[in-house]
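Quick look at run.pdb (PDB, C-alpha atoms):
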ATOM      1  CA  MET Q   1     109.446  23.437  64.004
ATOM      2  CA  THR Q   2     108.593  22.354  67.547
ATOM      3  CA  THR Q   3     109.413  25.817  68.862
ATOM      4  CA  PHE Q   4     107.299  27.383  66.111
ATOM      5  CA  HIS Q   5     104.364  25.146  67.053
ATOM      6  CA  VAL Q   6     104.643  26.187  70.710
ATOM      7  CA  MET Q   7     104.565  29.851  69.761
ATOM      8  CA  ALA Q   8     102.067  29.783  66.873
ATOM      9  CA  GLY Q   9     100.054  26.628  67.468
ATOM     10  CA  SER Q  10      98.833  24.274  64.764
ATOM     11  CA  SER Q  11      98.168  27.030  62.218
ATOM     12  CA  ASP Q  12     100.716  28.390  59.776
ATOM     13  CA  GLY Q  13     100.634  31.844  61.360
ATOM     14  CA  LEU Q  14      99.420  33.881  64.282
ATOM     15  CA  THR Q  15      95.663  33.618  64.833
ATOM     16  CA  HIS Q  16      93.494  36.307  66.363
ATOM     17  CA  PRO Q  17      90.408  34.789  68.026
ATOM     18  CA  GLU Q  18      87.401  37.096  68.007
ATOM     19  CA  ILE Q  19      86.612  38.597  71.407
ATOM     20  CA  ARG Q  20      83.533  40.140  73.006
ATOM     21  CA  ARG Q  21      82.825  43.082  75.234
ATOM     22  CA  ILE Q  22      80.996  41.982  78.368
ATOM     23  CA  GLY Q  23      79.554  43.591  81.492
ATOM     24  CA  VAL Q  24      80.167  43.061  85.181
ATOM     25  CA  SER Q  25      76.976  40.984  85.356
ATOM     26  CA  ASP Q  26      78.581  38.484  82.953
ATOM     27  CA  VAL Q  27      81.473  38.070  85.392
ATOM     28  CA  PHE Q  28      79.061  37.108  88.150
ATOM     29  CA  ASP Q  29      77.234  34.794  85.727
ATOM     30  CA  ALA Q  30      80.551  33.002  85.129
ATOM     31  CA  LEU Q  31      81.059  32.745  88.890
ATOM     32  CA  ARG Q  32      77.564  31.297  89.275
ATOM     33  CA  LEU Q  33      78.238  28.711  86.566
ATOM     34  CA  GLY Q  34      81.527  27.872  88.253
ATOM     35  CA  TRP Q  35      79.653  27.185  91.472
ATOM     36  CA  GLN Q  36      77.222  24.950  89.566
ATOM     37  CA  ASP Q  37      80.106  22.954  88.096
ATOM     38  CA  PHE Q  38      81.646  22.538  91.534
ATOM     39  CA  ASN Q  39      78.301  21.686  93.121
ATOM     40  CA  ALA Q  40      77.559  18.990  90.529
ATOM     41  CA  LYS Q  41      80.210  16.607  91.909
ATOM     42  CA  PRO Q  42      82.071  18.396  94.694
ATOM     43  CA  SER Q  43      83.844  15.316  96.016
ATOM     44  CA  HIS Q  44      85.776  15.039  92.778
ATOM     45  CA  TYR Q  45      86.973  18.589  92.932
ATOM     46  CA  VAL Q  46      87.875  18.619  96.596
ATOM     47  CA  PHE Q  47      90.041  15.584  95.823
ATOM     48  CA  LEU Q  48      91.655  17.313  92.875
ATOM     49  CA  CYS Q  49      92.312  20.539  94.743
ATOM     50  CA  LEU Q  50      93.721  19.204  97.984
ATOM     51  CA  ILE Q  51      97.037  20.293  96.474
ATOM     52  CA  TYR Q  52      96.093  23.896  97.220
ATOM     53  CA  PRO Q  53      95.784  23.730 101.026
ATOM     54  CA  ILE Q  54      98.619  21.194 101.188
ATOM     55  CA  ALA Q  55     100.899  23.431  99.143
ATOM     56  CA  GLY Q  56      99.857  26.411 101.248
ATOM     57  CA  VAL Q  57     100.724  24.650 104.489
ATOM     58  CA  VAL Q  58     104.036  23.497 102.999
ATOM     59  CA  LEU Q  59     104.873  27.064 102.028
ATOM     60  CA  ALA Q  60     103.989  28.344 105.492
ATOM     61  CA  THR Q  61     106.036  25.591 107.171
ATOM     62  CA  TRP Q  62     109.006  26.114 104.874
ATOM     63  CA  SER Q  63     109.016  29.843 105.530
ATOM     64  CA  SER Q  64     108.705  29.409 109.313
ATOM     65  CA  GLY Q  65     112.465  29.083 109.581
ATOM     66  CA  VAL Q  66     114.330  32.208 110.665
ATOM     67  CA  ASN Q  67     115.913  32.898 107.294
ATOM     68  CA  MET Q  68     112.647  32.542 105.376
ATOM     69  CA  LEU Q  69     110.292  34.534 107.617
ATOM     70  CA  PRO Q  70     110.458  37.746 105.543
ATOM     71  CA  LEU Q  71     109.235  35.765 102.534
ATOM     72  CA  LEU Q  72     106.156  34.325 104.254
ATOM     73  CA  TYR Q  73     103.769  36.906 102.824
ATOM     74  CA  PRO Q  74     105.389  37.034  99.353
ATOM     75  CA  LEU Q  75     105.248  33.236  99.177
ATOM     76  CA  ALA Q  76     101.593  33.076 100.174
ATOM     77  CA  SER Q  77     100.520  35.892  97.858
ATOM     78  CA  GLY Q  78     102.830  34.877  95.015
ATOM     79  CA  PHE Q  79     101.460  31.340  95.136
ATOM     80  CA  ALA Q  80      98.352  32.789  93.465
ATOM     81  CA  LEU Q  81     100.485  33.441  90.361
ATOM     82  CA  LEU Q  82     100.636  29.681  89.824
ATOM     83  CA  GLY Q  83      96.909  29.104  90.377
ATOM     84  CA  PRO Q  84      95.952  29.277  86.662
ATOM     85  CA  VAL Q  85      98.366  26.431  85.950
ATOM     86  CA  ALA Q  86      96.994  24.085  88.593
ATOM     87  CA  ALA Q  87      93.414  24.847  87.501
ATOM     88  CA  ILE Q  88      93.863  23.441  83.987
ATOM     89  CA  GLY Q  89      92.234  20.158  84.967
ATOM     90  CA  LEU Q  90      89.196  22.061  86.219
ATOM     91  CA  TYR Q  91      88.865  23.852  82.877
ATOM     92  CA  GLU Q  92      88.759  20.428  81.230
ATOM     93  CA  ILE Q  93      86.012  19.231  83.575
ATOM     94  CA  SER Q  94      83.931  22.345  82.829
ATOM     95  CA  ARG Q  95      84.533  21.939  79.097
ATOM     96  CA  ARG Q  96      83.350  18.352  79.183
ATOM     97  CA  ARG Q  97      80.307  19.181  81.315
ATOM     98  CA  GLU Q  98      79.406  21.977  78.904
ATOM     99  CA  ILE Q  99      79.154  19.570  75.957
ATOM    100  CA  GLY Q 100      77.584  16.724  77.933
ATOM    101  CA  MET Q 101      80.623  14.440  78.171
ATOM    102  CA  ASP Q 102      81.697  12.283  81.099
ATOM    103  CA  THR Q 103      83.034  14.472  83.928
ATOM    104  CA  SER Q 104      84.696  11.812  86.058
ATOM    105  CA  TRP Q 105      87.677  13.256  87.914
ATOM    106  CA  ARG Q 106      90.150  11.202  85.902
ATOM    107  CA  HIS Q 107      89.368  13.365  82.874
ATOM    108  CA  ALA Q 108      90.979  16.314  84.620
ATOM    109  CA  PHE Q 109      94.281  14.752  83.570
ATOM    110  CA  ASP Q 110      93.317  14.508  79.894
ATOM    111  CA  VAL Q 111      95.264  17.695  79.303
ATOM    112  CA  ARG Q 112      98.386  15.538  79.046
ATOM    113  CA  ARG Q 113      97.069  14.376  75.659
ATOM    114  CA  SER Q 114      96.262  17.876  74.418
ATOM    115  CA  PRO Q 115      98.090  18.919  71.217
ATOM    116  CA  ALA Q 116      98.616  22.294  72.910
ATOM    117  CA  LEU Q 117     100.461  20.731  75.869
ATOM    118  CA  PRO Q 118     103.865  22.182  74.832
ATOM    119  CA  SER Q 119     102.306  25.658  74.659
ATOM    120  CA  ILE Q 120     100.598  25.152  78.019
ATOM    121  CA  LEU Q 121     103.894  24.101  79.586
ATOM    122  CA  ALA Q 122     105.667  27.100  78.049
ATOM    123  CA  LEU Q 123     103.074  29.474  79.487
ATOM    124  CA  ALA Q 124     103.281  27.709  82.849
ATOM    125  CA  PHE Q 125     107.051  28.201  82.805
ATOM    126  CA  MET Q 126     106.511  31.913  82.174
ATOM    127  CA  LEU Q 127     104.363  32.127  85.313
ATOM    128  CA  LEU Q 128     106.972  30.205  87.300
ATOM    129  CA  VAL Q 129     109.614  32.711  86.209
ATOM    130  CA  LEU Q 130     107.353  35.579  87.310
ATOM    131  CA  PHE Q 131     106.858  33.852  90.661
ATOM    132  CA  VAL Q 132     110.615  33.550  91.197
ATOM    133  CA  VAL Q 133     111.197  37.156  90.118
ATOM    134  CA  TRP Q 134     108.496  38.309  92.559
ATOM    135  CA  LEU Q 135     110.269  36.489  95.409
ATOM    136  CA  MET Q 136     113.607  37.991  94.434
ATOM    137  CA  VAL Q 137     112.111  41.488  94.320
ATOM    138  CA  ALA Q 138     110.416  40.971  97.690
ATOM    139  CA  GLN Q 139     113.654  39.732  99.262
ATOM    140  CA  SER Q 140     115.613  42.622  97.775
ATOM    141  CA  LEU Q 141     113.101  45.175  99.084
ATOM    142  CA  TYR Q 142     113.223  43.701 102.596
ATOM    143  CA  THR Q 143     117.033  43.713 102.562
ATOM    144  CA  GLN Q 144     117.180  47.333 101.444
ATOM    145  CA  LEU Q 145     114.889  48.427 104.261
ATOM    146  CA  PHE Q 146     116.035  46.152 107.121
ATOM    147  CA  GLY Q 147     119.456  44.871 106.135
ATOM    148  CA  ASP Q 148     120.711  41.322 105.729
ATOM    149  CA  VAL Q 149     119.669  40.095 109.193
ATOM    150  CA  PRO Q 150     116.097  38.691 109.177
ATOM    151  CA  ALA Q 151     113.659  38.835 112.084
ATOM    152  CA  SER Q 152     114.307  36.275 114.813
ATOM    153  CA  SER Q 153     110.663  35.154 115.119
ATOM    154  CA  LEU Q 154     107.234  35.673 113.631
ATOM    155  CA  SER Q 155     106.262  38.067 116.427
ATOM    156  CA  ALA Q 156     109.483  40.008 115.928
ATOM    157  CA  LEU Q 157     108.728  40.268 112.220
ATOM    158  CA  TYR Q 158     105.222  41.533 113.009
ATOM    159  CA  ASN Q 159     106.571  44.202 115.357
ATOM    160  CA  GLN Q 160     109.195  45.098 112.809
ATOM    161  CA  ILE Q 161     106.527  45.640 110.150
ATOM    162  CA  VAL Q 162     103.848  47.502 112.116
ATOM    163  CA  GLY Q 163     106.099  49.313 114.569
ATOM    164  CA  THR Q 164     108.622  51.017 112.294
ATOM    165  CA  ASP Q 165     108.601  53.483 109.418
ATOM    166  CA  GLN Q 166     110.591  51.008 107.359
ATOM    167  CA  GLY Q 167     107.906  48.411 108.011
ATOM    168  CA  TRP Q 168     105.134  50.615 106.664
ATOM    169  CA  SER Q 169     107.315  51.470 103.678
ATOM    170  CA  LEU Q 170     107.689  47.732 103.088
ATOM    171  CA  VAL Q 171     103.912  47.270 103.247
ATOM    172  CA  LEU Q 172     103.161  50.132 100.863
ATOM    173  CA  ILE Q 173     105.943  49.533  98.351
ATOM    174  CA  GLY Q 174     105.658  45.744  98.526
ATOM    175  CA  ASN Q 175     101.930  45.766  97.868
ATOM    176  CA  ALA Q 176     102.367  48.287  95.053
ATOM    177  CA  VAL Q 177     104.966  46.076  93.398
ATOM    178  CA  GLY Q 178     102.802  43.005  94.022
ATOM    179  CA  PHE Q 179      99.886  44.810  92.382
ATOM    180  CA  VAL Q 180     101.987  45.347  89.257
ATOM    181  CA  PHE Q 181     102.841  41.632  89.141
ATOM    182  CA  ALA Q 182      99.166  40.756  89.636
ATOM    183  CA  VAL Q 183      98.067  43.045  86.796
ATOM    184  CA  ILE Q 184     100.675  41.548  84.473
ATOM    185  CA  VAL Q 185      99.543  38.003  85.249
ATOM    186  CA  LEU Q 186      95.828  38.804  85.098
ATOM    187  CA  SER Q 187      96.071  40.604  81.773
ATOM    188  CA  THR Q 188      98.212  37.926  80.125
ATOM    189  CA  VAL Q 189      96.490  34.748  81.354
ATOM    190  CA  VAL Q 190      92.863  35.714  82.045
ATOM    191  CA  VAL Q 191      91.829  33.511  79.085
ATOM    192  CA  SER Q 192      95.184  32.075  77.941
ATOM    193  CA  PHE Q 193      95.044  28.613  79.508
ATOM    194  CA  PRO Q 194      91.358  27.910  78.674
ATOM    195  CA  LEU Q 195      92.003  29.122  75.120
ATOM    196  CA  LEU Q 196      95.004  26.800  74.707
ATOM    197  CA  LEU Q 197      93.002  23.902  76.108
ATOM    198  CA  ASP Q 198      90.125  24.664  73.751
ATOM    199  CA  ARG Q 199      92.187  25.512  70.651
ATOM    200  CA  ASP Q 200      95.826  24.911  69.781
ATOM    201  CA  VAL Q 201      96.585  28.534  68.907
ATOM    202  CA  GLY Q 202     100.048  28.838  70.466
ATOM    203  CA  VAL Q 203     101.449  30.889  73.321
ATOM    204  CA  VAL Q 204     101.694  34.170  71.417
ATOM    205  CA  ALA Q 205      98.064  34.127  70.277
ATOM    206  CA  ALA Q 206      96.855  33.040  73.733
ATOM    207  CA  VAL Q 207      98.679  35.848  75.532
ATOM    208  CA  GLU Q 208      97.789  38.388  72.837
ATOM    209  CA  THR Q 209      94.118  37.423  73.097
ATOM    210  CA  SER Q 210      94.186  37.813  76.870
ATOM    211  CA  VAL Q 211      95.701  41.281  76.532
ATOM    212  CA  ARG Q 212      93.064  42.283  73.948
ATOM    213  CA  VAL Q 213      90.338  40.949  76.222
ATOM    214  CA  THR Q 214      91.687  43.000  79.120
ATOM    215  CA  LEU Q 215      91.957  46.197  77.088
ATOM    216  CA  ALA Q 216      88.441  45.745  75.692
ATOM    217  CA  ASN Q 217      86.937  44.878  79.093
ATOM    218  CA  PRO Q 218      88.998  46.716  81.743
ATOM    219  CA  VAL Q 219      86.232  46.985  84.334
ATOM    220  CA  PRO Q 220      84.912  43.386  84.115
ATOM    221  CA  VAL Q 221      88.462  41.992  84.141
ATOM    222  CA  ALA Q 222      89.355  44.198  87.113
ATOM    223  CA  VAL Q 223      86.234  42.984  88.946
ATOM    224  CA  TRP Q 224      87.253  39.398  88.189
ATOM    225  CA  GLY Q 225      90.717  40.092  89.566
ATOM    226  CA  LEU Q 226      89.201  41.491  92.772
ATOM    227  CA  ILE Q 227      86.947  38.422  93.095
ATOM    228  CA  VAL Q 228      89.956  36.122  92.723
ATOM    229  CA  ALA Q 229      91.996  38.122  95.238
ATOM    230  CA  ALA Q 230      89.140  38.192  97.770
ATOM    231  CA  GLY Q 231      88.524  34.472  97.306
ATOM    232  CA  LEU Q 232      92.175  33.649  97.871
ATOM    233  CA  VAL Q 233      92.264  35.738 101.039
ATOM    234  CA  ILE Q 234      89.096  34.125 102.392
ATOM    235  CA  GLY Q 235      90.322  30.634 101.495
ATOM    236  CA  SER Q 236      93.741  31.240 103.045
ATOM    237  CA  ILE Q 237      92.527  32.425 106.453
ATOM    238  CA  PRO Q 238      91.770  28.973 107.945
ATOM    239  CA  VAL Q 239      95.316  27.662 107.340
ATOM    240  CA  PHE Q 240      94.676  27.554 103.564
ATOM    241  CA  VAL Q 241      92.027  24.816 103.955
ATOM    242  CA  GLY Q 242      89.319  26.989 102.414
ATOM    243  CA  LEU Q 243      91.239  26.964  99.147
ATOM    244  CA  ALA Q 244      90.021  23.384  98.597
ATOM    245  CA  VAL Q 245      86.609  24.931  97.880
ATOM    246  CA  ILE Q 246      87.482  28.436  96.672
ATOM    247  CA  MET Q 247      90.011  27.368  94.035
ATOM    248  CA  PRO Q 248      87.769  24.834  92.258
ATOM    249  CA  ILE Q 249      84.954  27.384  92.036
ATOM    250  CA  LEU Q 250      87.310  30.020  90.638
ATOM    251  CA  GLY Q 251      88.844  27.479  88.264
ATOM    252  CA  HIS Q 252      85.478  26.451  86.830
ATOM    253  CA  ALA Q 253      84.348  30.065  86.671
ATOM    254  CA  THR Q 254      87.468  30.940  84.676
ATOM    255  CA  TRP Q 255      86.360  28.540  81.961
ATOM    256  CA  HIS Q 256      82.928  30.150  81.757
ATOM    257  CA  LEU Q 257      84.465  33.625  81.760
ATOM    258  CA  TYR Q 258      86.575  32.512  78.802
ATOM    259  CA  ARG Q 259      83.398  31.435  77.018
ATOM    260  CA  GLU Q 260      81.914  34.869  77.655
ATOM    261  CA  LEU Q 261      84.980  36.738  76.420
ATOM    262  CA  VAL Q 262      86.157  34.715  73.407
ATOM    263  CA  VAL Q 263      83.878  33.869  70.488
ATOM    264  CA  ALA Q 264      83.822  30.168  69.659
ATOM    265  CA  PRO Q 265      84.765  29.191  66.074
ATOM    266  CA  LYS Q 266      81.871  28.553  63.748
ATOM    267  CA  GLY Q 267      80.532  25.048  64.086
ATOM    268  CA  LYS Q 268      81.953  24.563  67.588
TER     269      LYS Q 268
END

Let me see the file written as structure tokens.
Amino acid sequence: MTTFHVMAGSSDGLTHPEIRRIGVSDVFDALRLGWQDFNAKPSHYVFLCLIYPIAGVVLATWSSGVNMLPLLYPLASGFALLGPVAAIGLYEISRRREIGMDTSWRHAFDVRRSPALPSILALAFMLLVLFVVWLMVAQSLYTQLFGDVPASSLSALYNQIVGTDQGWSLVLIGNAVGFVFAVIVLSTVVVSFPLLLDRDVGVVAAVETSVRVTLANPVPVAVWGLIVAAGLVIGSIPVFVGLAVIMPILGHATWHLYRELVVAPKGK
């Protein structure tokens, strides 16, 4: 029964939340509302999201060893796959602000009392598996092109990438494969985590709703994906420190995008 609840939620069967078609302007409206949420009490959110630059620096430091250098870029880019999980607390803050409740930072951890917590953890595990698979694919691609011996230094890796045909093949193929992973994640979780936080519908319904949303709104969802990607790049440039601002804004905006895309139940 516990497994059934994780998959189907509190209902007796699979639910199909009603979705909307939106325009690109609605995406930017969600981003604007996300900025307003962040701007309301920014000190709270910078505190909450220090994990992002810290985790980024840890990843960069960990991969600075000789054997991990080829995975520096996959680690940094693949870290974005886990962003929706870490932003759950921000969705809760936006939800509470939306209905006029207390938005003290401690409420970001209220998700631990959510009846949908098992489903949220199951979906988070799915993203973790995708992250690990992405790293394995990236490592395998590098090995096929350059062999088992990694670059001896960061500068050697750079020269290896930009100065050889194999390097450009790695760039083109690696980014193409990474794009596929990004599309899979975007289409399956664009509204999944906010939906689970808002309603205990189960993993299957959450993922299915995200896919329906993506198919019904391909251009707006693609624009949102580009905004997220651009924000992550901008936030990562100054040694990941900018993510302490970029990630909260994107997290809050994700909640408002969910509100635009999924129709709330009657009376809610």

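Within 9 Å of Val207 in chain Q, once only C-alpha atoms are used and residues closer than 3 positions along the same chain are dropped, the contacting residues are Leu123, Ser187, Thr188, Val189, Val190, Val191, Ser192, Gly202, Val203, Val204, Ser210, Val211 and Arg212 of chain Q.
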
Closest pair table for range 175-261 of chain Q residues within 6 Å of range 13-28 of chain Q, all atoms listed in the file, as CSV:
residue,atom,partner,partner_atom,distance
Q:Ala205,CA,Q:Thr15,CA,6.0
Q:Asn217,CA,Q:Arg21,CA,5.9
Q:Pro220,CA,Q:Val24,CA,4.9
Q:Leu261,CA,Q:Arg20,CA,5.0

> Evaluating the PyMOL selection byres ((chain Q and resi 91) around 9) on the displayed file yields which residues, as a list in words?
Replying inline: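 This file gives the following for the PyMOL selection byres ((chain Q and resi 91) around 9): Ala87, Ile88, Gly89, Leu90, Glu92, Ile93, Ser94, Arg95, Arg96, Ala108, Phe193, Pro194, Leu197, Gly251, His252, Ala253, Thr254, Trp255 and His256 of chain Q.
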
Using only C-alpha atoms, please write the residues we just selected to a file, as a PDB file, keeping the file's coordinate frame.
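The resulting selection_32.pdb:
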ATOM      1  CA  ALA Q  87      93.414  24.847  87.501  1.00  0.00           C
ATOM      2  CA  ILE Q  88      93.863  23.441  83.987  1.00  0.00           C
ATOM      3  CA  GLY Q  89      92.234  20.158  84.967  1.00  0.00           C
ATOM      4  CA  LEU Q  90      89.196  22.061  86.219  1.00  0.00           C
ATOM      5  CA  GLU Q  92      88.759  20.428  81.230  1.00  0.00           C
ATOM      6  CA  ILE Q  93      86.012  19.231  83.575  1.00  0.00           C
ATOM      7  CA  SER Q  94      83.931  22.345  82.829  1.00  0.00           C
ATOM      8  CA  ARG Q  95      84.533  21.939  79.097  1.00  0.00           C
ATOM      9  CA  ARG Q  96      83.350  18.352  79.183  1.00  0.00           C
ATOM     10  CA  ALA Q 108      90.979  16.314  84.620  1.00  0.00           C
ATOM     11  CA  PHE Q 193      95.044  28.613  79.508  1.00  0.00           C
ATOM     12  CA  PRO Q 194      91.358  27.910  78.674  1.00  0.00           C
ATOM     13  CA  LEU Q 197      93.002  23.902  76.108  1.00  0.00           C
ATOM     14  CA  GLY Q 251      88.844  27.479  88.264  1.00  0.00           C
ATOM     15  CA  HIS Q 252      85.478  26.451  86.830  1.00  0.00           C
ATOM     16  CA  ALA Q 253      84.348  30.065  86.671  1.00  0.00           C
ATOM     17  CA  THR Q 254      87.468  30.940  84.676  1.00  0.00           C
ATOM     18  CA  TRP Q 255      86.360  28.540  81.961  1.00  0.00           C
ATOM     19  CA  HIS Q 256      82.928  30.150  81.757  1.00  0.00           C
TER      20      HIS Q 256
END

>> To one decimal place in Å, what is the distance between CA of Leu141 in chain Q and CA of Val129 in chain Q?
In response: 18.3 Å

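Proximity to Leu75 in chain Q was assessed for Q:Gly100, Q:Trp105, Q:Leu157, Q:Gly178 counting all atoms listed in the file; the smallest distance is recorded for Q:Gly178.
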
> What is the distance between CA of Ser119 in chain Q and CA of Leu82 in chain Q, in Å to one decimal?
Replying inline: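 Computed distance, CA of Ser119 in chain Q to CA of Leu82 in chain Q, equals 15.8 Å.
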
How big is the axis-aligned box around the listed atoms of range 82-92 of chain Q once 5 Å is added on each side, and where is its centre? Give both in Å to one decimal, as JSON.
{"center_x": 94.7, "center_y": 24.9, "center_z": 85.8, "size_x": 21.9, "size_y": 19.5, "size_z": 19.1}

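Computed from the coordinates, the CA of Val171 in chain Q to CA of Trp134 in chain Q distance equals 14.7 Å.
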
> Of the candidates Q:Ser153, Q:Glu260, Q:Gly231, Q:Leu226, which one gets nearest to Phe179 in chain Q if we count all atoms listed in the file?
Replying inline: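 Answer, going by the shortest atom-to-atom distance: Q:Leu226.
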
>> If the PyMOL selection byres ((chain Q and resi 74) around 12) were run on this exact file, what residues would it hold? Put them as a ChimeraX atom specification.
In response: /Q:59-60,63,68-73,75-81,131-142,170-171,174-175,177-179,181

>> For this structure, which residues satisfy the selection - the PyMOL selection byres ((chain Q and resi 115) around 9) - when it is evaluated on the file as given? I want them as a list of chain:residue names.
In response: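 Those residues are Q:Gly9, Q:Ser10, Q:Val111, Q:Arg112, Q:Arg113, Q:Ser114, Q:Ala116, Q:Leu117, Q:Pro118, Q:Ser119, Q:Leu197, Q:Arg199, Q:Asp200.
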
> So which one's closest to Asp198 in chain Q, Q:Ala176, Q:Val262, Q:Val149, Q:Ile249? Using only C-alpha atoms, please.
Replying inline: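 For Asp198 in chain Q, the nearest of the candidates is Q:Val262.
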
> Which of these, Q:Ala86, Q:Asp165, Q:Ala216, Q:Trp224, has the shortest distance to Ala124 in chain Q once you count all atoms listed in the file?
Replying inline: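 Closest to Ala124 in chain Q of all the choices is Q:Ala86.
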
>> Between Q:Val263, Q:Leu186, Q:Leu257, Q:Leu243, which residue has the minimum interatomic distance to Pro84 in chain Q, considering only C-alpha atoms?
In response: Q:Leu186
